[in-house]
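Remarks on the structure that follows.
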Amino acid sequence: MSGSATATPSAAKPATDINEIFAKMSYGPAPESQAAVNKWLQDHGRKFGLFIGNQWVHPEGRSYMKSVAPATLEVLAETMQATREDVDVTVVAARTAFNTWSTTPGSTRARILYSIARHLQKHFKLLSVLEALDNGKPFVESMNADVKLLVRHFYYYAGWAQLCETEMAEYAPLGVIAQVIPWNFPLMMLAWKIAPALAMGNTVILKPASATRLSALLFAEIVAEAGVPPGVINILTGPGSIGGYLCAHPDVDKVAFTGSTEIGQGLRKSISGSGKKISLELGGKSPVLVFDSADLDAAVEGVIQAIFFNQGQVCCAGSRLLVQESVYTKFIEMLKFRLGKHRVTVSLDKCTDMGAIVDAEQLRTVQSYIDIAREEGCTVWQPEIVVPTSGYFLPPTIITNVQPVSRCVQEEIFGPVLCCMSFRVPSEAYALANNTKFGLASSVWSENINLALEAAHAIKSGVVWVNSHNIFDAAAGFGGYGESGFGREGGKEGLFEYVRPSWQKRPRPDISKIRDVREWSAATPALPPAPTSSPIASTSTSPASDHVDRTWKIHIGGKQRRSDSNHYYTVKTPKGAILGQVPDCNRKDIRDAVEAANLAQNSWANSAPFLKSQIMYYIAENMQCRREEFASRLSTMTGVSMEEALHEVDLSIDRMFYWASYTDKNGGIVQETPWKGFTIQVNEPVGTIGIVCPNNNPLLSFISLIAPAIARGNTIIVVPSSQFPLCALDMYQIFDTSDLPPGVINIVTGVADHLAKVLVDHQNLRAVWYFGSAEGSYHVEYLAASNMKRTWVSYGQVRDWSDRHQGSGHEFLHHACEVKNIWLPVGETAF
C-alpha cells in the first residue's frame, strides 16, 4: 500500500528565479550513486550462496529468495535458502574454529578486531549505500548511524579482547554462538552481537533476516579480507525455520536473538532446559515524556527523532507520547506543523527525512493498526505531504484521543505511528509510562534537572534518554525489562552474555524423558507420621521438652503465619527420628508472599545502601550469637559432624558479611561514550525474585542465594531446602530481631517443584532462581517465557557452595541487578 499523494518530490517543478527559490526554500534532488553497489552485485552475478569457513558455498539443489529494494521495488539480488544440512556443516566449521580461536591470546584477537574495524571504514560508503537500498531507510541514516556504529563496536570490543585476560579472568568463552538478527538495523545488530562474542573467544553463526540479507554478505567478504580465521564468522541465509533449527542445534552453546517478543518466546521455549545461554532483545512501546518545563521546540525535534527515525521501525521507538496537560494542545499543534514539512522519498535521496517501510507485509501490518485505531474511536492525523506512489511508503501518522488500553497504545506497531496522551502531574506520567508489558527505553524532556532525573529513576526501562532519544554507543549497554527481553548488548555488561564462569562446564542435561508439567509439579498433601513409626529426636537435656509441639510456621510480610493449606510434612533425621513438622504450602501462600514482597519492594529498593548494610551486618552478628545452636540443628538434621556443621555456619555468617559489603559498592559507573554529557550505568534491583534452594548445604546455600538478592535491593520469596528446611525457618527469628523490614524476605516451605511452578507462573514476579533437577530447570525456563521472566537455573548440576567462586562473586551480582543506562546531556548545545 502506498501513500495518498500522486507525485514524487522529484516531479515537482523546480524553482528557477532567485526570489522564488528563497521564498519556497524547496529541496532539490540530491541522489547518492549506487554504482559501486551495482558493480559488487554484478561481480557476484547477483546471486549469493552461504558464507562458511571464509568461503562462498553453493550446495546443489537449493532454492533462492529475491532481495527487493522497498523504495523502488528493484530486485537487487537472489540469496540462497539454507537447509538443515547446511546448518549442520556450518556448526562443525564453527566448532572446529572455536578450538583454536578460544585459545588465541586476547592480544591477537584484539588485533584482528581492529583489522575488521579498519577494513569496514575502508568500505564505509559501499556499506552505507547497500544498507539503505536493501532496507529502505534514508542513506543519511545508514551512513551516520548504522555504519558508524558498526565500526565503533569493533574498535570498542577490540579493546576488551586486549584486556579480557585480566578484566574477565574469572570467565571463559561459551563456544559456538547462534545469532539471529532482525531487518530494521542489519549491520548495527550484527555488530552488537558479533563483536563482543569474538572478543571473548567465541565463534559465531549469524542468520540475517530474510528481508535484509545483503549487507551481512558484504560484511562477510570484508572480514575475510581483514584476516579473520576461517570458521570464526559464518553467515547463513534462509527462512525463519532455519533460524529455529540453528538455535536448537545441540552443538550450539548460546543463542542471541533480536526480534519480536512472540518469536523470542518461541525460541526461549525451544531451548529450555538445554543448558544453552540465551539473550533476548525484543519488542518495545517506549514512552516519551514531555513536561511543561521542556524546551518545546527542541522536544518537537526530539519526538520526530524518537518515532520517525528509520520509519518507526525501531524497537526503542518513542511511540507513546505523554505531554503535560498545560502544554498538550500547543505541543501537538507544533508537532503537526513540523510534520507538514517532512520529506518522505526514496532511500538514496540525501534530503529525505523518512524512507520506505521494509516490505509489503510490514506495511499492511502498520496500516491495520491505523485502521484499528479509527475503529476504536481514536483520531488519526497524517500530514498533506507528497509521498511516492511506487514502493512501500507511508506518511508519518499521529493518533490522538486514545485510551491507556487502546491497542495502538499497548501493542508494538513498528512503524511511523505516534500515539499521544496527556498527564497532569509527574506521578501520573510515571504511572502511564510504566503501564506496559515492555520496558526497553524511554525519554524525558524537561529543563528541570531534578524532575528529569526523578523521571529517569521512576521509569522502568533499560535505557532512559534525557532531552534526547535514540542515542547509542558501543560503550553503553542496551536492553530491556519485562517482555522487552533480558541481557544487554554494548558496554562491559555486553561481555557477560558471551562467557560462563571458568569453573563451570557447559551444562548438557538429559531432558529426553521430561514429564508433563502437571506431573512434575504435582504434590499430594503430606500425612501425619504413624504414631510408632519413628522416635522423636531430642535436642534438649530436659525430658519434658520432648513433648513440646515442634510445628514451624512460614514467614510472610514479617510475620509467622500458618499455611493456607493446613497441611504439614514431617522432617526427619537421616536415621528416621522426627525433628518436627513444617507447612506444606500451596498456591495461596505463594500469592500472599508475592503480595508482601511487592509491597515492600519500592521501599527496600530505595532505602539507603548504608541502611541495608547495617541490617545485613546485624543479621550476621545475630547468627554469630547463635552459632552453636545453628550448628546443632544442621548436624542433627543432615547427619554431618558437629565440626562440619560449625564450618557451614561460619561460612554462612561470612557470606552474609560479604554481601553486606556490596550494598554500596555496585551502584554503577559513568560510561565513556563520545558525546557531550554523561552516560550513567545504574545497577537497579530486578524487583521481586522467587528463589528455590537446593538440598545440599541447606543453610549455606540459603544464605548464599538470599544475601546478594537483598543486598542489591530486591525482595524475595524463598523456598528453602524441602528435605532440610529447619535451619532456614530458624532464620526468621534472626530477621525479626535484626530490623529487617517486613516483606523483604518471605519464607515458604513445601514441595520445591510444586512451589517452583507457582512462582514461575506468577505474573508479578520479575525473576526465578531455581537450584534443583534438570527436569525442573527445563520447566522453569519454559514457563518463564510466558512473560519473559529472568531465570537462573542449575540444570541439575550441584554446586560446591563452600567454594567462593561457585557460592559468591560477580555471577550473583549479575543475576541480582537490572542495568539501566541514563543518557544525560550537558551544556546549551542542542542534541
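Quick note on naming: the chains in the C-alpha cells go A, B, ... in the order shown, residues restart at 1 in each chain, and ligands are numbered from 1 in order of appearance.
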Check your understanding: Any idea what's packed within 8 Å of Pro186 of chain A, counting only C-alpha atoms, ignoring anything in its chain fewer than 3 positions away? Could you give it as a PyMOL selection string?
Key -> chain A and resi 131+181-183+189-190+208-209+212-213+215-216
Store the residues picked out above in a file with C-alpha atoms, as an mmCIF file, in the first residue's frame.
data_model
loop_
_atom_site.group_PDB
_atom_site.id
_atom_site.type_symbol
_atom_site.label_atom_id
_atom_site.label_comp_id
_atom_site.auth_asym_id
_atom_site.auth_seq_id
_atom_site.Cartn_x
_atom_site.Cartn_y
_atom_site.Cartn_z
ATOM 1 C CA GLU A 131 22.123 -0.886 3.658
ATOM 2 C CA ILE A 181 19.064 -10.586 13.817
ATOM 3 C CA PRO A 182 16.109 -8.526 12.524
ATOM 4 C CA TRP A 183 15.669 -6.499 9.355
ATOM 5 C CA MET A 189 22.565 -5.635 15.095
ATOM 6 C CA LEU A 190 25.311 -7.700 13.503
ATOM 7 C CA PRO A 208 20.247 -12.292 8.976
ATOM 8 C CA ALA A 209 16.573 -11.505 8.437
ATOM 9 C CA THR A 212 17.623 -7.693 4.509
ATOM 10 C CA ARG A 213 20.418 -10.146 3.829
ATOM 11 C CA SER A 215 24.742 -6.122 3.914
ATOM 12 C CA ALA A 216 25.613 -9.149 6.075
#
Point to revise | In segment 490-661 of chain A, DSSP strand (DSSP E) residues written as a PyMOL selection string | key: chain A and resi 499-501+554-556+559-561+568-572+578-583
Point to revise | Shell around Asp736 of chain A at 12 Å using only C-alpha atoms, local window under 4 positions removed, as a ChimeraX atom specification | key: /A:555-560,615,618-619,622,729-732,740-746
Same residues, N, CA, C and O atoms, output as a PDB file, in the first residue's frame:
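Listed below is the output, again34.pdb:
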ATOM      1  N   HIS A 555       6.956 -17.639  57.007  1.00  0.00           N
ATOM      2  CA  HIS A 555       7.273 -16.250  57.334  1.00  0.00           C
ATOM      3  C   HIS A 555       6.892 -15.378  56.146  1.00  0.00           C
ATOM      4  O   HIS A 555       7.537 -15.423  55.092  1.00  0.00           O
ATOM      5  N   ILE A 556       5.824 -14.609  56.270  1.00  0.00           N
ATOM      6  CA  ILE A 556       5.330 -13.762  55.184  1.00  0.00           C
ATOM      7  C   ILE A 556       5.033 -12.375  55.738  1.00  0.00           C
ATOM      8  O   ILE A 556       4.333 -12.228  56.752  1.00  0.00           O
ATOM      9  N   GLY A 557       5.560 -11.356  55.080  1.00  0.00           N
ATOM     10  CA  GLY A 557       5.293  -9.979  55.498  1.00  0.00           C
ATOM     11  C   GLY A 557       5.771  -9.664  56.899  1.00  0.00           C
ATOM     12  O   GLY A 557       5.157  -8.857  57.601  1.00  0.00           O
ATOM     13  N   GLY A 558       6.861 -10.300  57.322  1.00  0.00           N
ATOM     14  CA  GLY A 558       7.413 -10.048  58.644  1.00  0.00           C
ATOM     15  C   GLY A 558       6.702 -10.749  59.770  1.00  0.00           C
ATOM     16  O   GLY A 558       6.992 -10.491  60.945  1.00  0.00           O
ATOM     17  N   LYS A 559       5.788 -11.647  59.443  1.00  0.00           N
ATOM     18  CA  LYS A 559       5.019 -12.342  60.474  1.00  0.00           C
ATOM     19  C   LYS A 559       5.095 -13.849  60.287  1.00  0.00           C
ATOM     20  O   LYS A 559       5.180 -14.349  59.161  1.00  0.00           O
ATOM     21  N   GLN A 560       5.048 -14.559  61.410  1.00  0.00           N
ATOM     22  CA  GLN A 560       4.919 -16.003  61.352  1.00  0.00           C
ATOM     23  C   GLN A 560       3.452 -16.335  61.097  1.00  0.00           C
ATOM     24  O   GLN A 560       2.557 -15.828  61.785  1.00  0.00           O
ATOM     25  N   ILE A 615      21.616  -3.545  58.378  1.00  0.00           N
ATOM     26  CA  ILE A 615      20.666  -4.622  58.675  1.00  0.00           C
ATOM     27  C   ILE A 615      21.304  -5.977  58.397  1.00  0.00           C
ATOM     28  O   ILE A 615      21.179  -6.922  59.189  1.00  0.00           O
ATOM     29  N   TYR A 618      23.819  -6.804  60.971  1.00  0.00           N
ATOM     30  CA  TYR A 618      23.095  -7.168  62.187  1.00  0.00           C
ATOM     31  C   TYR A 618      22.632  -8.622  62.102  1.00  0.00           C
ATOM     32  O   TYR A 618      22.716  -9.388  63.079  1.00  0.00           O
ATOM     33  N   ILE A 619      22.139  -9.024  60.930  1.00  0.00           N
ATOM     34  CA  ILE A 619      21.727 -10.419  60.740  1.00  0.00           C
ATOM     35  C   ILE A 619      22.917 -11.349  60.976  1.00  0.00           C
ATOM     36  O   ILE A 619      22.809 -12.373  61.678  1.00  0.00           O
ATOM     37  N   ASN A 622      23.782 -11.555  64.681  1.00  0.00           N
ATOM     38  CA  ASN A 622      22.830 -12.377  65.429  1.00  0.00           C
ATOM     39  C   ASN A 622      22.995 -13.858  65.107  1.00  0.00           C
ATOM     40  O   ASN A 622      22.766 -14.719  65.965  1.00  0.00           O
ATOM     41  N   LEU A 729      14.093 -21.899  58.544  1.00  0.00           N
ATOM     42  CA  LEU A 729      12.976 -21.406  59.354  1.00  0.00           C
ATOM     43  C   LEU A 729      13.474 -20.797  60.660  1.00  0.00           C
ATOM     44  O   LEU A 729      12.857 -19.862  61.193  1.00  0.00           O
ATOM     45  N   ASP A 730      14.568 -21.311  61.185  1.00  0.00           N
ATOM     46  CA  ASP A 730      15.157 -20.676  62.364  1.00  0.00           C
ATOM     47  C   ASP A 730      15.594 -19.244  62.060  1.00  0.00           C
ATOM     48  O   ASP A 730      15.673 -18.405  62.965  1.00  0.00           O
ATOM     49  N   MET A 731      15.864 -18.956  60.787  1.00  0.00           N
ATOM     50  CA  MET A 731      16.367 -17.634  60.419  1.00  0.00           C
ATOM     51  C   MET A 731      15.316 -16.551  60.602  1.00  0.00           C
ATOM     52  O   MET A 731      15.674 -15.385  60.774  1.00  0.00           O
ATOM     53  N   TYR A 732      14.011 -16.884  60.559  1.00  0.00           N
ATOM     54  CA  TYR A 732      13.056 -15.780  60.672  1.00  0.00           C
ATOM     55  C   TYR A 732      13.063 -15.167  62.060  1.00  0.00           C
ATOM     56  O   TYR A 732      12.686 -14.015  62.245  1.00  0.00           O
ATOM     57  N   LEU A 740      14.998  -6.152  59.999  1.00  0.00           N
ATOM     58  CA  LEU A 740      14.688  -6.350  58.577  1.00  0.00           C
ATOM     59  C   LEU A 740      13.242  -5.942  58.335  1.00  0.00           C
ATOM     60  O   LEU A 740      12.327  -6.449  58.994  1.00  0.00           O
ATOM     61  N   PRO A 741      12.983  -5.032  57.396  1.00  0.00           N
ATOM     62  CA  PRO A 741      11.609  -4.592  57.156  1.00  0.00           C
ATOM     63  C   PRO A 741      10.705  -5.755  56.727  1.00  0.00           C
ATOM     64  O   PRO A 741      11.155  -6.683  56.035  1.00  0.00           O
ATOM     65  N   PRO A 742       9.447  -5.716  57.115  1.00  0.00           N
ATOM     66  CA  PRO A 742       8.510  -6.776  56.726  1.00  0.00           C
ATOM     67  C   PRO A 742       8.410  -6.918  55.209  1.00  0.00           C
ATOM     68  O   PRO A 742       8.373  -5.917  54.489  1.00  0.00           O
ATOM     69  N   GLY A 743       8.367  -8.131  54.722  1.00  0.00           N
ATOM     70  CA  GLY A 743       8.164  -8.393  53.303  1.00  0.00           C
ATOM     71  C   GLY A 743       9.416  -8.479  52.472  1.00  0.00           C
ATOM     72  O   GLY A 743       9.349  -8.872  51.303  1.00  0.00           O
ATOM     73  N   VAL A 744      10.575  -8.116  53.025  1.00  0.00           N
ATOM     74  CA  VAL A 744      11.812  -8.180  52.249  1.00  0.00           C
ATOM     75  C   VAL A 744      12.197  -9.636  51.988  1.00  0.00           C
ATOM     76  O   VAL A 744      12.561 -10.010  50.873  1.00  0.00           O
ATOM     77  N   ILE A 745      12.113 -10.465  53.013  1.00  0.00           N
ATOM     78  CA  ILE A 745      12.364 -11.900  52.869  1.00  0.00           C
ATOM     79  C   ILE A 745      11.129 -12.647  53.352  1.00  0.00           C
ATOM     80  O   ILE A 745      10.687 -12.465  54.482  1.00  0.00           O
ATOM     81  N   ASN A 746      10.575 -13.474  52.485  1.00  0.00           N
ATOM     82  CA  ASN A 746       9.399 -14.271  52.805  1.00  0.00           C
ATOM     83  C   ASN A 746       9.745 -15.743  52.588  1.00  0.00           C
ATOM     84  O   ASN A 746      10.247 -16.106  51.517  1.00  0.00           O
TER      85      ASN A 746
END
Study note, to complete from the structure: Students should find that atom CA of Leu150 of chain A and atom CA of Ile271 of chain A are spaced 29.1 Å
Exercise for review: Identify, with DSSP run on backbone atoms, the residues in segment 598-710 of chain A assigned to alpha helix (DSSP H), and express the list as JSON, numbers by chain.
Suggested key: {"A": [598, 599, 600, 601, 602, 603, 604, 605, 606, 609, 610, 611, 612, 613, 614, 615, 616, 617, 618, 619, 620, 621, 622, 623, 624, 625, 627, 628, 629, 630, 631, 632, 633, 634, 635, 636, 637, 638, 642, 643, 644, 645, 646, 647, 648, 649, 650, 651, 652, 653, 654, 655, 656, 657, 658, 659, 660, 698, 699, 700, 701, 702, 703, 704, 705, 706, 707, 708, 709, 710]}
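Closest approach to Asn467 of chain A among A:Leu453, A:Ala299, A:Val91, A:Val517: A:Ala299, based on only C-alpha atoms.
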Practice item. Give me the residues within 12 Å of Asn598 of chain A as a PyMOL selection string, counting only C-alpha atoms and dropping any in the same chain fewer than 6 places off. Key: chain A and resi 556-557+591-592+604-605+686-690+713-717+742-746+763-766
Write a file of the just-selected residues containing N, CA and C atoms, as a compact mmCIF listing (two decimals), in the first residue's frame.
# COMPACT_ATOMS: atom_id res chain seq x y z
N ILE A 556 5.82 -14.61 56.27
CA ILE A 556 5.33 -13.76 55.18
C ILE A 556 5.03 -12.37 55.74
N GLY A 557 5.56 -11.36 55.08
CA GLY A 557 5.29 -9.98 55.50
C GLY A 557 5.77 -9.66 56.90
N ARG A 591 0.98 -16.66 46.62
CA ARG A 591 0.35 -15.38 46.25
C ARG A 591 0.49 -14.37 47.38
N ASP A 592 0.26 -14.81 48.61
CA ASP A 592 0.39 -13.91 49.76
C ASP A 592 1.83 -13.41 49.90
N TRP A 604 12.24 -0.91 50.03
CA TRP A 604 13.55 -1.54 50.24
C TRP A 604 14.53 -1.13 49.15
N ALA A 605 14.07 -1.10 47.90
CA ALA A 605 14.95 -0.73 46.80
C ALA A 605 15.48 0.69 46.96
N VAL A 686 16.39 -6.09 40.34
CA VAL A 686 15.50 -6.78 39.41
C VAL A 686 14.05 -6.56 39.83
N GLY A 687 13.81 -6.60 41.15
CA GLY A 687 12.45 -6.42 41.67
C GLY A 687 12.14 -7.51 42.68
N THR A 688 11.07 -8.23 42.45
CA THR A 688 10.68 -9.34 43.32
C THR A 688 11.15 -10.63 42.69
N ILE A 689 11.91 -11.41 43.45
CA ILE A 689 12.54 -12.63 42.94
C ILE A 689 12.05 -13.84 43.73
N GLY A 690 11.72 -14.91 43.03
CA GLY A 690 11.42 -16.19 43.67
C GLY A 690 12.65 -17.07 43.64
N GLY A 713 18.82 -4.71 46.73
CA GLY A 713 17.53 -4.03 46.78
C GLY A 713 16.34 -4.84 46.33
N ASN A 714 16.51 -6.14 46.08
CA ASN A 714 15.38 -6.98 45.71
C ASN A 714 14.64 -7.48 46.94
N THR A 715 13.38 -7.80 46.76
CA THR A 715 12.63 -8.52 47.78
C THR A 715 12.39 -9.93 47.25
N ILE A 716 12.25 -10.89 48.16
CA ILE A 716 12.29 -12.28 47.73
C ILE A 716 11.23 -13.13 48.40
N ILE A 717 10.84 -14.18 47.67
CA ILE A 717 10.09 -15.30 48.20
C ILE A 717 11.00 -16.50 48.07
N PRO A 742 9.45 -5.72 57.12
CA PRO A 742 8.51 -6.78 56.73
C PRO A 742 8.41 -6.92 55.21
N GLY A 743 8.37 -8.13 54.72
CA GLY A 743 8.16 -8.39 53.30
C GLY A 743 9.42 -8.48 52.47
N VAL A 744 10.57 -8.12 53.03
CA VAL A 744 11.81 -8.18 52.25
C VAL A 744 12.20 -9.64 51.99
N ILE A 745 12.11 -10.46 53.01
CA ILE A 745 12.36 -11.90 52.87
C ILE A 745 11.13 -12.65 53.35
N ASN A 746 10.57 -13.47 52.49
CA ASN A 746 9.40 -14.27 52.81
C ASN A 746 9.75 -15.74 52.59
N GLN A 763 2.51 -13.70 37.51
CA GLN A 763 2.80 -12.61 36.58
C GLN A 763 3.44 -11.39 37.23
N ASN A 764 3.42 -11.30 38.56
CA ASN A 764 4.00 -10.14 39.24
C ASN A 764 5.35 -10.46 39.87
N LEU A 765 5.99 -11.49 39.36
CA LEU A 765 7.33 -11.85 39.79
C LEU A 765 8.28 -11.54 38.66
N ARG A 766 9.44 -10.94 38.97
CA ARG A 766 10.35 -10.49 37.91
C ARG A 766 11.38 -11.54 37.53
Considering only C-alpha atoms, return as a short mmCIF file (atom, residue, chain, number, x, y, z; two decimals) with C-alpha atoms, in the first residue's frame whatever protein or nucleic-acid residues lie within 7 Å of segment 239-244 of chain A, sequence-local ones (same chain, fewer than 2 positions apart) excluded.
data_model
loop_
_atom_site.label_atom_id
_atom_site.label_comp_id
_atom_site.auth_asym_id
_atom_site.auth_seq_id
_atom_site.Cartn_x
_atom_site.Cartn_y
_atom_site.Cartn_z
CA GLN A 81 17.82 -20.62 1.27
CA THR A 83 18.77 -26.24 4.67
CA ARG A 84 19.28 -28.22 7.86
CA VAL A 180 19.59 -14.23 14.74
CA LYS A 207 21.39 -15.64 10.39
CA SER A 210 15.06 -12.72 5.18
CA LEU A 246 20.15 -23.42 14.25
CA CYS A 247 19.24 -22.21 17.73
CA ALA A 248 18.07 -25.68 18.79
CA LEU A 267 12.95 -19.55 20.92
#
Give me the segment 233-308 of chain A side of the contact with segment 481-502 of chain A, cut-off 8 Å, one line per residue showing its nearest atom pair and distance in Å at one decimal, counting only C-alpha atoms, sorted by chain and residue number, as a tab-separated table.
residue	atom	partner	partner_atom	distance
A:Lys254	CA	A:Tyr498	CA	7.7
A:Thr261	CA	A:Glu483	CA	6.7
A:Lys277	CA	A:Glu497	CA	7.8
A:Ile278	CA	A:Glu497	CA	7.7
A:Ser279	CA	A:Gly487	CA	5.0
A:Leu280	CA	A:Gly485	CA	4.9
A:Glu281	CA	A:Gly485	CA	5.0
A:Leu282	CA	A:Ser484	CA	4.6
A:Gly283	CA	A:Ser484	CA	5.0
A:Gly284	CA	A:Ser484	CA	5.8
Go ahead and write the selection's residues with N, CA, C and O atoms as a CSV table (one decimal), in the first residue's frame.
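So part.csv came out as:
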chain,number,residue,atom,x,y,z
A,254,LYS,N,25.0,-21.0,22.8
A,254,LYS,CA,24.4,-19.8,23.2
A,254,LYS,C,23.5,-19.3,22.0
A,254,LYS,O,23.9,-19.4,20.8
A,261,THR,N,8.7,-10.1,20.3
A,261,THR,CA,8.5,-10.8,21.6
A,261,THR,C,8.0,-12.2,21.3
A,261,THR,O,8.4,-13.2,22.0
A,277,LYS,N,22.9,-20.8,27.0
A,277,LYS,CA,22.7,-19.5,27.4
A,277,LYS,C,21.9,-18.7,26.4
A,277,LYS,O,22.0,-19.0,25.2
A,278,ILE,N,21.1,-17.8,26.8
A,278,ILE,CA,20.3,-17.0,25.8
A,278,ILE,C,20.2,-15.6,26.2
A,278,ILE,O,20.1,-15.3,27.4
A,279,SER,N,20.2,-14.7,25.3
A,279,SER,CA,19.9,-13.3,25.5
A,279,SER,C,18.9,-12.8,24.4
A,279,SER,O,19.0,-13.3,23.3
A,280,LEU,N,17.9,-12.0,24.9
A,280,LEU,CA,16.8,-11.7,24.0
A,280,LEU,C,16.6,-10.2,24.1
A,280,LEU,O,16.4,-9.6,25.2
A,281,GLU,N,16.7,-9.5,22.9
A,281,GLU,CA,16.3,-8.1,22.8
A,281,GLU,C,15.1,-8.0,22.0
A,281,GLU,O,15.1,-8.2,20.8
A,282,LEU,N,13.9,-7.7,22.6
A,282,LEU,CA,12.6,-7.9,22.0
A,282,LEU,C,11.9,-6.6,21.8
A,282,LEU,O,12.5,-5.6,21.6
A,283,GLY,N,10.6,-6.7,21.8
A,283,GLY,CA,9.8,-5.5,21.4
A,283,GLY,C,9.8,-4.4,22.5
A,283,GLY,O,10.3,-4.5,23.6
A,284,GLY,N,9.2,-3.3,22.1
A,284,GLY,CA,9.1,-2.2,23.0
A,284,GLY,C,7.9,-1.3,22.6
A,284,GLY,O,7.3,-1.4,21.6
**Study point:** Distance of atom CA of His123 of chain A from atom CA of Gly45 of chain A, expressed in Å to one decimal place
**Key:** 20.2 Å
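Here atom CA of Pro250 of chain A is placed at a distance of 13.2 Å from atom CA of Val89 of chain A.
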